[in-house]
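Student: Take this structure first; my questions come after.
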Amino acid sequence: MKPISLKPLKDYRLWVRYADGVEGIVDLSEFAGRGVFEIWNDYGNFEKVRIEPDGAIAWNEDVEMCPDAIYLKISGKTPEEIFPKLRELNQNAGNQPVLRNSD
C-alpha cells in the first residue's frame, strides 16, 4: 500500500491518502513522547512528516512508520485481506506436523 498524500493534523492525527483511493485519519497520539517518538514533544517535528521514496511515512531518517500498518488502521481491513498470500500461508501452516520434544 503506497501513500500518495498526507497531512499532519492537530492532536497527533495524520490524514493519509493511498494510491488505491483509500484515505482517512489515523490517531498516532499513543506514540507521542515515547521512545523514538520523543521528538514529537516539539509538535513542529510531528508536522515535518513526509513520504519517503520507498513509501515509508517518515519524520526524519530515524523515525518512520510502516505505511501498511497505517493503511490497516484507516481501512479496517485485516492483513489477510490486503495480502492474500498470508491467508494461504496461515491455512498451510495448519497442515504442518507438530514436532514434539521426546524428553
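Chains: A, B, ... in order of the C-alpha cells. Residues: from 1 per chain. Ligands: from 1, in order shown.
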Name the residues in contact with A:Gly55 at a cut-off of 9 Å, using only C-alpha atoms, excluding same-chain residues fewer than 6 positions from it; report them as a ChimeraX atom specification.

Tutor: /A:1-4,66-67

Student: Store the residues of this selection in a file with C-alpha atoms, as a JSON list (two decimals), in the first residue's frame.

Tutor:
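Here's the written file selection25.json:
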[["chain", "number", "residue", "atom", "x", "y", "z"],
["A", 1, "MET", "CA", 0.00, 0.00, 0.00],
["A", 2, "LYS", "CA", 1.63, 3.19, -1.17],
["A", 3, "PRO", "CA", 0.68, 6.52, 0.39],
["A", 4, "ILE", "CA", 0.48, 9.35, -2.13],
["A", 66, "CYS", "CA", 5.17, 1.31, 8.05],
["A", 67, "PRO", "CA", 2.56, 2.56, 5.58]]

Student: Using only C-alpha atoms, which residues sit within 12 Å of A:Trp40 once same-chain residues fewer than 4 positions away are excluded, as a list in words?

Tutor: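 Those residues are Pro8, Asp11, Tyr12, Arg13, Leu28, Ser29, Glu30, Phe31, Ala32, Gly33, Arg34, Gly35, Val36, Gly44, Asn45, Phe46, Glu47, Lys48, Val49, Trp59, Asn60 and Val63 of chain A.
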
Student: Name the closest residue to A:Ala58 among the candidates A:Ile82, A:Ile25, A:Leu14, A:Leu72; distances are taken between atoms, counting only C-alpha atoms.

Tutor: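 Result for the nearest residue to A:Ala58: A:Leu14.
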
Student: Within 8 Å of A:Arg17, counting only C-alpha atoms, which residues show up once you throw out same-chain ones fewer than 2 positions away? Write them as number ranges by chain, please.

Tutor: A: 3-6, 15, 19, 21-24

Student: Using the chain letters and numbers from this document, which residues of chain A does DSSP assign to strand (DSSP E or B), as a list in words?

Tutor: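 Selecting the strand (DSSP E or B) positions of chain A gives Pro3, Ile4, Ser5, Leu6, Lys7, Pro8, Leu9, Arg13, Leu14, Trp15, Val16, Arg17, Tyr18, Glu23, Gly24, Ile25, Val26, Asp27, Arg50, Ile51, Ile57, Ala58, Glu64 and Met65 of chain A.
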
Student: For stretch 73-81 of chain A, work out the shell of residues within 9 Å, counting only C-alpha atoms and skipping chain neighbours fewer than 2 positions away, then give it as a list in words.

Tutor: Val16, Val22, Glu23, Gly24, Ile25, Val26, Asp68, Ala69, Ile70, Tyr71, Phe83, Pro84, Lys85, Leu86, Arg87 and Glu88 of chain A

Student: Could you save the residues just selected, with N, CA, C and O atoms, as a compact mmCIF listing (two decimals), in the first residue's frame?

Tutor:
# COMPACT_ATOMS: atom_id res chain seq x y z
N VAL A 16 -4.11 10.53 5.62
CA VAL A 16 -3.30 9.86 4.59
C VAL A 16 -4.21 9.40 3.46
O VAL A 16 -5.32 8.89 3.70
N VAL A 22 -7.99 4.67 -0.96
CA VAL A 22 -8.32 4.65 0.47
C VAL A 22 -7.69 5.88 1.11
O VAL A 22 -6.54 6.22 0.85
N GLU A 23 -8.48 6.56 1.94
CA GLU A 23 -7.97 7.72 2.67
C GLU A 23 -8.67 7.80 4.01
O GLU A 23 -9.77 7.28 4.20
N GLY A 24 -8.01 8.44 4.95
CA GLY A 24 -8.61 8.60 6.26
C GLY A 24 -7.63 9.19 7.25
O GLY A 24 -6.50 9.54 6.90
N ILE A 25 -8.09 9.27 8.48
CA ILE A 25 -7.31 9.87 9.55
C ILE A 25 -6.94 8.78 10.56
O ILE A 25 -7.77 7.97 10.96
N VAL A 26 -5.67 8.79 10.95
CA VAL A 26 -5.19 7.86 11.96
C VAL A 26 -4.68 8.67 13.15
O VAL A 26 -4.05 9.71 12.99
N ASP A 68 1.87 0.23 5.56
CA ASP A 68 0.88 -0.86 5.59
C ASP A 68 0.13 -0.88 6.91
O ASP A 68 -1.09 -1.10 6.95
N ALA A 69 0.85 -0.67 8.02
CA ALA A 69 0.20 -0.66 9.33
C ALA A 69 -0.81 0.48 9.43
O ALA A 69 -1.91 0.30 9.97
N ILE A 70 -0.45 1.63 8.91
CA ILE A 70 -1.38 2.77 8.94
C ILE A 70 -2.57 2.50 8.03
O ILE A 70 -3.71 2.81 8.36
N TYR A 71 -2.32 1.87 6.88
CA TYR A 71 -3.41 1.50 5.96
C TYR A 71 -4.41 0.58 6.67
O TYR A 71 -5.63 0.76 6.54
N PHE A 83 -3.12 -8.78 1.89
CA PHE A 83 -2.06 -9.65 1.39
C PHE A 83 -2.58 -11.09 1.32
O PHE A 83 -2.40 -11.87 2.26
N PRO A 84 -3.24 -11.47 0.24
CA PRO A 84 -3.85 -12.79 0.13
C PRO A 84 -2.89 -13.96 0.39
O PRO A 84 -3.30 -15.00 0.86
N LYS A 85 -1.63 -13.78 0.10
CA LYS A 85 -0.65 -14.85 0.35
C LYS A 85 -0.58 -15.21 1.83
O LYS A 85 -0.31 -16.35 2.17
N LEU A 86 -0.84 -14.25 2.69
CA LEU A 86 -0.85 -14.53 4.13
C LEU A 86 -1.93 -15.55 4.48
O LEU A 86 -1.72 -16.43 5.32
N ARG A 87 -3.09 -15.42 3.85
CA ARG A 87 -4.18 -16.36 4.10
C ARG A 87 -3.74 -17.77 3.71
O ARG A 87 -3.95 -18.73 4.43
N GLU A 88 -3.09 -17.87 2.55
CA GLU A 88 -2.60 -19.17 2.09
C GLU A 88 -1.57 -19.73 3.06
O GLU A 88 -1.62 -20.92 3.40

Student: Please return, as an MDAnalysis selection string, all residues of chain A that DSSP assigns to alpha helix (DSSP H) on the basis of the backbone.

Tutor: chainID A and resid 43:46 67:75 79:82 84:93

Student: Give me, please, the distance in Å between atom CA of A:Arg50 and atom CA of A:Phe37, quoted to one decimal.

Tutor: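 Going from atom CA of A:Arg50 over to atom CA of A:Phe37, I get 15.0 Å.
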